[in-house]
>>> print(open('upload.pdb').read())   # PDB, C-alpha atoms, pLDDT in the B column
ATOM      1  CA  MET Q 249      11.742 -59.821 -19.673  1.00 31.00           C
ATOM      2  CA  TRP Q 250      13.186 -56.646 -18.271  1.00 41.00           C
ATOM      3  CA  THR Q 251      15.404 -57.946 -15.481  1.00 42.00           C
ATOM      4  CA  GLU Q 252      19.170 -57.975 -15.380  1.00 44.00           C
ATOM      5  CA  HIS Q 253      21.693 -59.457 -13.011  1.00 44.00           C
ATOM      6  CA  TYR Q 254      24.331 -57.159 -11.561  1.00 46.00           C
ATOM      7  CA  THR Q 255      27.264 -59.031 -10.065  1.00 47.00           C
ATOM      8  CA  VAL Q 256      29.189 -57.593  -7.127  1.00 49.00           C
ATOM      9  CA  THR Q 257      32.512 -59.054  -6.049  1.00 48.00           C
ATOM     10  CA  ASP Q 258      33.410 -58.581  -2.405  1.00 50.00           C
ATOM     11  CA  GLN Q 259      37.225 -58.377  -2.346  1.00 52.00           C
ATOM     12  CA  GLU Q 260      37.561 -59.188   1.351  1.00 52.00           C
ATOM     13  CA  ASP Q 261      35.519 -62.376   1.314  1.00 50.00           C
ATOM     14  CA  ALA Q 262      35.945 -63.238  -2.392  1.00 47.00           C
ATOM     15  CA  VAL Q 263      32.200 -63.758  -2.513  1.00 49.00           C
ATOM     16  CA  ILE Q 264      30.184 -63.051  -5.619  1.00 49.00           C
ATOM     17  CA  LYS Q 265      26.707 -61.673  -5.006  1.00 54.00           C
ATOM     18  CA  THR Q 266      24.034 -61.294  -7.638  1.00 58.00           C
ATOM     19  CA  ILE Q 267      21.566 -58.438  -7.340  1.00 65.00           C
ATOM     20  CA  ILE Q 268      18.647 -58.256  -9.757  1.00 71.00           C
ATOM     21  CA  PHE Q 269      17.865 -54.814 -11.206  1.00 80.00           C
ATOM     22  CA  VAL Q 270      14.889 -53.763 -13.314  1.00 85.00           C
ATOM     23  CA  VAL Q 271      14.136 -50.473 -15.013  1.00 87.00           C
ATOM     24  CA  PRO Q 272      12.158 -48.128 -12.729  1.00 93.00           C
ATOM     25  CA  ILE Q 273       9.630 -47.245 -15.419  1.00 90.00           C
ATOM     26  CA  LYS Q 274       8.611 -48.881 -18.700  1.00 86.00           C
ATOM     27  CA  ASN Q 275       8.281 -47.128 -22.059  1.00 81.00           C
ATOM     28  CA  ALA Q 276       9.816 -43.849 -20.937  1.00 83.00           C
ATOM     29  CA  THR Q 277      12.464 -41.673 -22.519  1.00 86.00           C
ATOM     30  CA  ILE Q 278      15.341 -40.015 -20.744  1.00 88.00           C
ATOM     31  CA  ALA Q 279      14.840 -36.250 -20.633  1.00 85.00           C
ATOM     32  CA  LYS Q 280      17.903 -35.480 -18.555  1.00 86.00           C
ATOM     33  CA  ASP Q 281      20.693 -37.905 -17.763  1.00 88.00           C
ATOM     34  CA  TYR Q 282      23.026 -38.122 -14.776  1.00 90.00           C
ATOM     35  CA  SER Q 283      25.913 -35.662 -14.671  1.00 89.00           C
ATOM     36  CA  ALA Q 284      28.226 -35.068 -11.734  1.00 88.00           C
ATOM     37  CA  SER Q 285      30.391 -32.512 -13.532  1.00 87.00           C
ATOM     38  CA  GLU Q 286      28.746 -31.194 -16.705  1.00 88.00           C
ATOM     39  CA  LEU Q 287      26.187 -28.457 -16.057  1.00 84.00           C
ATOM     40  CA  GLN Q 288      22.668 -28.920 -17.387  1.00 82.00           C
ATOM     41  CA  TYR Q 289      20.029 -26.232 -17.682  1.00 78.00           C
ATOM     42  CA  ASN Q 290      17.039 -26.381 -15.328  1.00 76.00           C
ATOM     43  CA  SER Q 291      14.303 -24.466 -17.157  1.00 80.00           C
ATOM     44  CA  THR Q 292      12.090 -24.335 -14.054  1.00 72.00           C
ATOM     45  CA  LEU Q 293      14.719 -22.695 -11.842  1.00 68.00           C
ATOM     46  CA  LYS Q 294      16.312 -20.902 -14.809  1.00 75.00           C
ATOM     47  CA  GLN Q 295      19.822 -21.942 -13.805  1.00 77.00           C
ATOM     48  CA  TRP Q 296      22.651 -24.260 -14.785  1.00 86.00           C
ATOM     49  CA  GLU Q 297      23.344 -27.114 -12.350  1.00 82.00           C
ATOM     50  CA  ILE Q 298      24.719 -30.609 -12.064  1.00 82.00           C
ATOM     51  CA  HIS Q 299      22.087 -33.333 -12.221  1.00 85.00           C
ATOM     52  CA  LYS Q 300      22.867 -36.413 -10.118  1.00 91.00           C
ATOM     53  CA  ALA Q 301      19.804 -38.325 -11.278  1.00 90.00           C
ATOM     54  CA  ILE Q 302      18.037 -39.592 -14.372  1.00 93.00           C
ATOM     55  CA  ASP Q 303      14.763 -37.941 -15.389  1.00 91.00           C
ATOM     56  CA  PHE Q 304      12.421 -40.337 -17.192  1.00 92.00           C
ATOM     57  CA  ILE Q 305       9.648 -38.584 -19.125  1.00 89.00           C
ATOM     58  CA  ALA Q 306       6.391 -40.488 -18.953  1.00 80.00           C
ATOM     59  CA  GLY Q 307       2.687 -39.823 -18.936  1.00 74.00           C
ATOM     60  CA  ASP Q 308       0.807 -39.251 -15.706  1.00 71.00           C
ATOM     61  CA  ASN Q 309      -0.048 -42.318 -13.658  1.00 75.00           C
ATOM     62  CA  LEU Q 310       2.435 -44.747 -15.258  1.00 91.00           C
ATOM     63  CA  ASN Q 311       3.684 -47.292 -12.734  1.00 95.00           C
ATOM     64  CA  VAL Q 312       7.056 -46.822 -11.048  1.00 96.00           C
ATOM     65  CA  TYR Q 313       8.859 -50.036 -10.096  1.00 96.00           C
ATOM     66  CA  ALA Q 314      11.423 -50.908  -7.432  1.00 96.00           C
ATOM     67  CA  VAL Q 315      14.709 -51.499  -9.256  1.00 94.00           C
ATOM     68  CA  SER Q 316      15.787 -54.252  -6.869  1.00 92.00           C
ATOM     69  CA  ASP Q 317      14.730 -56.179  -3.761  1.00 94.00           C
ATOM     70  CA  GLY Q 318      14.791 -54.117  -0.590  1.00 96.00           C
ATOM     71  CA  THR Q 319      12.918 -52.395   2.207  1.00 98.00           C
ATOM     72  CA  VAL Q 320      11.073 -49.092   1.920  1.00 98.00           C
ATOM     73  CA  SER Q 321      13.109 -46.837   4.204  1.00 98.00           C
ATOM     74  CA  ASN Q 322      11.334 -43.502   3.664  1.00 98.00           C
ATOM     75  CA  VAL Q 323       8.173 -42.050   2.123  1.00 98.00           C
ATOM     76  CA  TYR Q 324       7.559 -38.303   2.221  1.00 97.00           C
ATOM     77  CA  THR Q 325       6.193 -35.339   0.296  1.00 96.00           C
ATOM     78  CA  ASN Q 326       7.613 -31.848   0.072  1.00 93.00           C
ATOM     79  CA  TYR Q 327       7.162 -28.940  -2.293  1.00 91.00           C
ATOM     80  CA  LEU Q 328      10.509 -29.128  -4.123  1.00 89.00           C
ATOM     81  CA  GLU Q 329      10.821 -32.911  -4.555  1.00 91.00           C
ATOM     82  CA  GLY Q 330       7.160 -33.924  -4.724  1.00 92.00           C
ATOM     83  CA  THR Q 331       6.270 -37.326  -3.292  1.00 96.00           C
ATOM     84  CA  VAL Q 332       9.361 -39.459  -2.692  1.00 97.00           C
ATOM     85  CA  VAL Q 333       9.918 -43.162  -1.998  1.00 98.00           C
ATOM     86  CA  GLU Q 334      13.318 -44.455  -0.870  1.00 98.00           C
ATOM     87  CA  VAL Q 335      14.188 -48.159  -0.938  1.00 98.00           C
ATOM     88  CA  SER Q 336      17.226 -49.574   0.896  1.00 97.00           C
ATOM     89  CA  HIS Q 337      18.956 -52.494  -0.829  1.00 94.00           C
ATOM     90  CA  LYS Q 338      21.945 -54.729  -0.076  1.00 89.00           C
ATOM     91  CA  ASP Q 339      25.497 -53.405   0.000  1.00 87.00           C
ATOM     92  CA  GLY Q 340      24.601 -49.855   1.114  1.00 92.00           C
ATOM     93  CA  LEU Q 341      22.556 -49.068  -2.011  1.00 93.00           C
ATOM     94  CA  VAL Q 342      19.445 -46.894  -1.832  1.00 96.00           C
ATOM     95  CA  SER Q 343      17.169 -46.115  -4.779  1.00 97.00           C
ATOM     96  CA  VAL Q 344      15.229 -42.836  -4.671  1.00 98.00           C
ATOM     97  CA  TYR Q 345      12.075 -42.154  -6.693  1.00 97.00           C
ATOM     98  CA  LYS Q 346      10.883 -38.522  -6.829  1.00 95.00           C
ATOM     99  CA  SER Q 347       7.921 -36.747  -8.459  1.00 93.00           C
ATOM    100  CA  LEU Q 348       5.417 -39.491  -7.654  1.00 94.00           C
ATOM    101  CA  ASN Q 349       1.685 -39.238  -7.141  1.00 93.00           C
ATOM    102  CA  LYS Q 350       0.774 -38.718  -3.463  1.00 93.00           C
ATOM    103  CA  GLU Q 351      -1.071 -42.054  -3.326  1.00 93.00           C
ATOM    104  CA  VAL Q 352       1.952 -44.386  -3.237  1.00 96.00           C
ATOM    105  CA  GLN Q 353       1.493 -48.158  -3.021  1.00 96.00           C
ATOM    106  CA  VAL Q 354       4.022 -48.765  -0.226  1.00 97.00           C
ATOM    107  CA  SER Q 355       4.770 -47.629   3.313  1.00 97.00           C
ATOM    108  CA  VAL Q 356       7.920 -47.441   5.425  1.00 98.00           C
ATOM    109  CA  GLY Q 357       9.114 -50.891   6.443  1.00 98.00           C
ATOM    110  CA  ALA Q 358       7.484 -52.707   3.511  1.00 98.00           C
ATOM    111  CA  LYS Q 359       9.578 -55.371   1.800  1.00 98.00           C
ATOM    112  CA  VAL Q 360       9.628 -54.992  -1.988  1.00 97.00           C
ATOM    113  CA  SER Q 361      10.933 -57.169  -4.799  1.00 94.00           C
ATOM    114  CA  ALA Q 362      12.524 -56.074  -8.052  1.00 92.00           C
ATOM    115  CA  GLY Q 363       9.579 -54.964 -10.187  1.00 93.00           C
ATOM    116  CA  SER Q 364       7.173 -54.223  -7.310  1.00 96.00           C
ATOM    117  CA  VAL Q 365       4.960 -51.214  -7.989  1.00 97.00           C
ATOM    118  CA  LEU Q 366       5.867 -48.319  -5.674  1.00 98.00           C
ATOM    119  CA  GLY Q 367       3.490 -45.716  -7.057  1.00 96.00           C
ATOM    120  CA  THR Q 368       2.796 -43.751 -10.220  1.00 95.00           C
ATOM    121  CA  VAL Q 369       4.440 -40.885 -12.055  1.00 93.00           C
ATOM    122  CA  ALA Q 370       3.093 -37.397 -11.450  1.00 91.00           C
ATOM    123  CA  GLU Q 371       3.998 -33.779 -11.975  1.00 88.00           C
ATOM    124  CA  SER Q 372       4.692 -33.180  -8.288  1.00 85.00           C
ATOM    125  CA  MET Q 373       8.335 -32.015  -8.230  1.00 84.00           C
ATOM    126  CA  ALA Q 374       8.273 -28.210  -8.133  1.00 77.00           C
ATOM    127  CA  GLN Q 375      12.003 -27.778  -8.793  1.00 77.00           C
ATOM    128  CA  GLU Q 376      11.549 -29.559 -12.158  1.00 77.00           C
ATOM    129  CA  LEU Q 377       7.976 -28.518 -12.938  1.00 73.00           C
ATOM    130  CA  HIS Q 378       8.730 -27.562 -16.561  1.00 74.00           C
ATOM    131  CA  THR Q 379       9.847 -31.142 -17.204  1.00 81.00           C
ATOM    132  CA  GLY Q 380       6.226 -32.271 -16.869  1.00 81.00           C
ATOM    133  CA  ALA Q 381       5.189 -35.675 -15.570  1.00 87.00           C
ATOM    134  CA  HIS Q 382       8.404 -37.597 -14.975  1.00 90.00           C
ATOM    135  CA  LEU Q 383      10.309 -39.852 -12.624  1.00 93.00           C
ATOM    136  CA  HIS Q 384      13.387 -38.283 -11.056  1.00 94.00           C
ATOM    137  CA  PHE Q 385      15.499 -41.352 -10.199  1.00 96.00           C
ATOM    138  CA  GLU Q 386      18.583 -41.353  -7.965  1.00 95.00           C
ATOM    139  CA  MET Q 387      20.888 -44.043  -6.565  1.00 95.00           C
ATOM    140  CA  LEU Q 388      23.005 -43.706  -3.429  1.00 96.00           C
ATOM    141  CA  LYS Q 389      25.844 -45.904  -2.241  1.00 94.00           C
ATOM    142  CA  ASN Q 390      26.645 -45.539   1.468  1.00 96.00           C
ATOM    143  CA  GLY Q 391      24.808 -42.186   1.518  1.00 95.00           C
ATOM    144  CA  VAL Q 392      26.557 -40.684  -1.530  1.00 95.00           C
ATOM    145  CA  LYS Q 393      24.783 -40.126  -4.862  1.00 94.00           C
ATOM    146  CA  VAL Q 394      26.167 -42.401  -7.576  1.00 94.00           C
ATOM    147  CA  ASN Q 395      25.430 -42.761 -11.264  1.00 93.00           C
ATOM    148  CA  PRO Q 396      22.274 -44.894 -11.762  1.00 92.00           C
ATOM    149  CA  ASN Q 397      23.579 -45.793 -15.223  1.00 88.00           C
ATOM    150  CA  ASP Q 398      26.221 -47.950 -13.548  1.00 87.00           C
ATOM    151  CA  PHE Q 399      23.367 -50.266 -12.593  1.00 82.00           C
ATOM    152  CA  LEU Q 400      20.891 -49.722 -15.423  1.00 76.00           C
ATOM    153  CA  ASP Q 401      23.013 -49.401 -18.600  1.00 56.00           C
ATOM    154  CA  ALA Q 402      22.789 -53.074 -19.483  1.00 43.00           C
ATOM    155  CA  LEU Q 403      19.005 -52.888 -19.230  1.00 44.00           C
ATOM    156  CA  PHE Q 404      18.646 -50.004 -21.653  1.00 45.00           C
ATOM    157  CA  GLU Q 405      20.994 -51.557 -24.219  1.00 41.00           C
ATOM    158  CA  LYS Q 406      18.625 -54.533 -24.473  1.00 36.00           C
ATOM    159  CA  ARG Q 407      15.449 -52.468 -25.002  1.00 34.00           C
TER
END
>>> encode(input="upload.pdb", output="structure tokens")
Amino acid sequence: MWTEHYTVTDQEDAVIKTIIFVVPIKNATIAKDYSASELQYNSTLKQWEIHKAIDFIAGDNLNVYAVSDGTVSNVYTNYLEGTVVEVSHKDGLVSVYKSLNKEVQVSVGAKVSAGSVLGTVAESMAQELHTGAHLHFEMLKNGVKVNPNDFLDALFEKR
């Protein structure tokens, strides 16, 4: 099974909440990991930049899964990011899935569970075109990009 429990302690109420997380894509390798300070080379844009996401290399049309229960808060397509699905979760968390195929499986307002199929991987993200077909995965907490590894590390250690 590829689920993991992430426990959050709320200091004010001393309540422990359990949020289930799953990996956003199966059988993929990490091409570029999250980095908020160390520059990484973007071969498409031919520049060094920080990379506040994880890029999972995978073949075209592999399923992309919601990492946790939530509500689809945005679905859009643009040239630089490709097709994007955003899912809002508890505690101000939002998961962002970029470089998807245009035919996504969800729409804004849909309730999803951990492991629900959102769409499939594509080569739709122009700003990372040289990466090939991949999932560009981001996590936000209260509108600020955070390290997805903080939520997914335990999952990858068990694979």
>>> residues_near_point(input="upload.pdb", point="(21.3, -27.6, -10.9)", cutoff="12 Å", atoms="all atoms listed in the file", output="list in words")
Lys280, Tyr282, Ser283, Ala284, Ser285, Glu286, Leu287, Gln288, Tyr289, Asn290, Ser291, Thr292, Leu293, Lys294, Gln295, Trp296, Glu297, Ile298, His299, Lys300, Ala301, Gln375 and Glu376 of chain Q
>>> resolve_selection(input="upload.pdb", expression="the PyMOL selection byres ((chain Q and resi 337) around 12)", output="list of chain:residue names")
Q:Ile267, Q:Ile268, Q:Phe269, Q:Ala314, Q:Val315, Q:Ser316, Q:Asp317, Q:Gly318, Q:Thr319, Q:Val320, Q:Ser321, Q:Glu334, Q:Val335, Q:Ser336, Q:Lys338, Q:Asp339, Q:Gly340, Q:Leu341, Q:Val342, Q:Ser343, Q:Val344, Q:Lys359, Q:Val360, Q:Ser361, Q:Ala362, Q:Met387, Q:Leu388, Q:Lys389, Q:Asn390
>>> atom_distance(input="upload.pdb", atom1="atom CA of Q:Asp303", atom2="atom CA of Q:Gly357")
26.0 Å
>>> atom_distance(input="upload.pdb", atom1="atom CA of Q:Leu400", atom2="atom CA of Q:Tyr324")
24.9 Å
>>> atom_distance(input="upload.pdb", atom1="atom CA of Q:Ser355", atom2="atom CA of Q:Asn397")
26.5 Å
>>> resolve_selection(input="upload.pdb", expression="the PyMOL selection byres ((chain Q and resi 272) around 12)", output="count of residues only")
48
>>> residues_around(input="upload.pdb", residues="Q:Gly380", least_positions_apart="3", cutoff="9 Å", atoms="only C-alpha atoms", output="NGL selection string")
:Q and (305-308 or 370-373 or 376-377)
>>> axis_aligned_box(input="upload.pdb", around="stretch 283-299 of chain Q", padding_each_side="6 Å", output="JSON")
{"center_x": 21.2, "center_y": -28.3, "center_z": -14.7, "size_x": 30.3, "size_y": 26.8, "size_z": 17.9}
>>> closest_residue(input="upload.pdb", among="Q:Val392, Q:Val323, Q:Ala374, Q:Leu328", to="Q:Ala358", atoms="only C-alpha atoms")
Q:Val323
>>> build_atoms(input="upload.pdb", residues="stretch 354-365 of chain Q", atoms="all heavy atoms", output="PDB file, in the frame of the given file")
ATOM      1  N   VAL Q 354       3.199 -48.156  -1.271  1.00 97.00           N
ATOM      2  CA  VAL Q 354       4.022 -48.765  -0.226  1.00 97.00           C
ATOM      3  C   VAL Q 354       4.106 -47.844   0.988  1.00 97.00           C
ATOM      4  O   VAL Q 354       3.809 -46.659   0.909  1.00 97.00           O
ATOM      5  CB  VAL Q 354       5.446 -49.061  -0.740  1.00 97.00           C
ATOM      6  CG1 VAL Q 354       5.428 -50.132  -1.814  1.00 97.00           C
ATOM      7  CG2 VAL Q 354       6.123 -47.796  -1.261  1.00 97.00           C
ATOM      8  N   SER Q 355       4.550 -48.418   2.104  1.00 97.00           N
ATOM      9  CA  SER Q 355       4.770 -47.629   3.313  1.00 97.00           C
ATOM     10  C   SER Q 355       6.122 -48.017   3.899  1.00 97.00           C
ATOM     11  O   SER Q 355       6.699 -49.050   3.543  1.00 97.00           O
ATOM     12  CB  SER Q 355       3.649 -47.865   4.325  1.00 97.00           C
ATOM     13  OG  SER Q 355       3.549 -49.245   4.620  1.00 97.00           O
ATOM     14  N   VAL Q 356       6.626 -47.198   4.798  1.00 98.00           N
ATOM     15  CA  VAL Q 356       7.920 -47.441   5.425  1.00 98.00           C
ATOM     16  C   VAL Q 356       7.911 -48.812   6.102  1.00 98.00           C
ATOM     17  O   VAL Q 356       6.953 -49.174   6.781  1.00 98.00           O
ATOM     18  CB  VAL Q 356       8.254 -46.326   6.441  1.00 98.00           C
ATOM     19  CG1 VAL Q 356       9.529 -46.656   7.210  1.00 98.00           C
ATOM     20  CG2 VAL Q 356       8.401 -44.986   5.728  1.00 98.00           C
ATOM     21  N   GLY Q 357       8.971 -49.564   5.864  1.00 98.00           N
ATOM     22  CA  GLY Q 357       9.114 -50.891   6.443  1.00 98.00           C
ATOM     23  C   GLY Q 357       8.663 -52.015   5.528  1.00 98.00           C
ATOM     24  O   GLY Q 357       8.960 -53.183   5.782  1.00 98.00           O
ATOM     25  N   ALA Q 358       7.959 -51.680   4.436  1.00 98.00           N
ATOM     26  CA  ALA Q 358       7.484 -52.707   3.511  1.00 98.00           C
ATOM     27  C   ALA Q 358       8.655 -53.340   2.764  1.00 98.00           C
ATOM     28  O   ALA Q 358       9.578 -52.652   2.346  1.00 98.00           O
ATOM     29  CB  ALA Q 358       6.506 -52.108   2.506  1.00 98.00           C
ATOM     30  N   LYS Q 359       8.598 -54.645   2.608  1.00 98.00           N
ATOM     31  CA  LYS Q 359       9.578 -55.371   1.800  1.00 98.00           C
ATOM     32  C   LYS Q 359       9.088 -55.347   0.362  1.00 98.00           C
ATOM     33  O   LYS Q 359       7.907 -55.601   0.097  1.00 98.00           O
ATOM     34  CB  LYS Q 359       9.705 -56.823   2.262  1.00 98.00           C
ATOM     35  CG  LYS Q 359      10.113 -56.968   3.714  1.00 98.00           C
ATOM     36  CD  LYS Q 359      11.564 -56.670   3.909  1.00 98.00           C
ATOM     37  CE  LYS Q 359      11.965 -56.978   5.347  1.00 98.00           C
ATOM     38  NZ  LYS Q 359      13.141 -56.270   5.750  1.00 98.00           N
ATOM     39  N   VAL Q 360       9.981 -55.015  -0.572  1.00 97.00           N
ATOM     40  CA  VAL Q 360       9.628 -54.992  -1.988  1.00 97.00           C
ATOM     41  C   VAL Q 360      10.589 -55.881  -2.770  1.00 97.00           C
ATOM     42  O   VAL Q 360      11.724 -56.097  -2.350  1.00 97.00           O
ATOM     43  CB  VAL Q 360       9.633 -53.562  -2.568  1.00 97.00           C
ATOM     44  CG1 VAL Q 360       8.564 -52.703  -1.919  1.00 97.00           C
ATOM     45  CG2 VAL Q 360      10.990 -52.908  -2.435  1.00 97.00           C
ATOM     46  N   SER Q 361      10.118 -56.374  -3.884  1.00 94.00           N
ATOM     47  CA  SER Q 361      10.933 -57.169  -4.799  1.00 94.00           C
ATOM     48  C   SER Q 361      11.227 -56.338  -6.031  1.00 94.00           C
ATOM     49  O   SER Q 361      10.504 -55.381  -6.330  1.00 94.00           O
ATOM     50  CB  SER Q 361      10.178 -58.428  -5.222  1.00 94.00           C
ATOM     51  OG  SER Q 361       9.866 -59.215  -4.103  1.00 94.00           O
ATOM     52  N   ALA Q 362      12.248 -56.731  -6.774  1.00 92.00           N
ATOM     53  CA  ALA Q 362      12.524 -56.074  -8.052  1.00 92.00           C
ATOM     54  C   ALA Q 362      11.267 -56.160  -8.906  1.00 92.00           C
ATOM     55  O   ALA Q 362      10.708 -57.235  -9.087  1.00 92.00           O
ATOM     56  CB  ALA Q 362      13.689 -56.763  -8.750  1.00 92.00           C
ATOM     57  N   GLY Q 363      10.787 -55.008  -9.370  1.00 93.00           N
ATOM     58  CA  GLY Q 363       9.579 -54.964 -10.187  1.00 93.00           C
ATOM     59  C   GLY Q 363       8.298 -54.685  -9.426  1.00 93.00           C
ATOM     60  O   GLY Q 363       7.247 -54.534 -10.038  1.00 93.00           O
ATOM     61  N   SER Q 364       8.365 -54.580  -8.088  1.00 96.00           N
ATOM     62  CA  SER Q 364       7.173 -54.223  -7.310  1.00 96.00           C
ATOM     63  C   SER Q 364       6.758 -52.790  -7.627  1.00 96.00           C
ATOM     64  O   SER Q 364       7.608 -51.899  -7.733  1.00 96.00           O
ATOM     65  CB  SER Q 364       7.458 -54.315  -5.807  1.00 96.00           C
ATOM     66  OG  SER Q 364       7.728 -55.620  -5.402  1.00 96.00           O
ATOM     67  N   VAL Q 365       5.460 -52.568  -7.735  1.00 97.00           N
ATOM     68  CA  VAL Q 365       4.960 -51.214  -7.989  1.00 97.00           C
ATOM     69  C   VAL Q 365       5.068 -50.396  -6.706  1.00 97.00           C
ATOM     70  O   VAL Q 365       4.592 -50.802  -5.653  1.00 97.00           O
ATOM     71  CB  VAL Q 365       3.495 -51.239  -8.480  1.00 97.00           C
ATOM     72  CG1 VAL Q 365       2.953 -49.820  -8.624  1.00 97.00           C
ATOM     73  CG2 VAL Q 365       3.386 -51.990  -9.795  1.00 97.00           C
TER      74      VAL Q 365
END
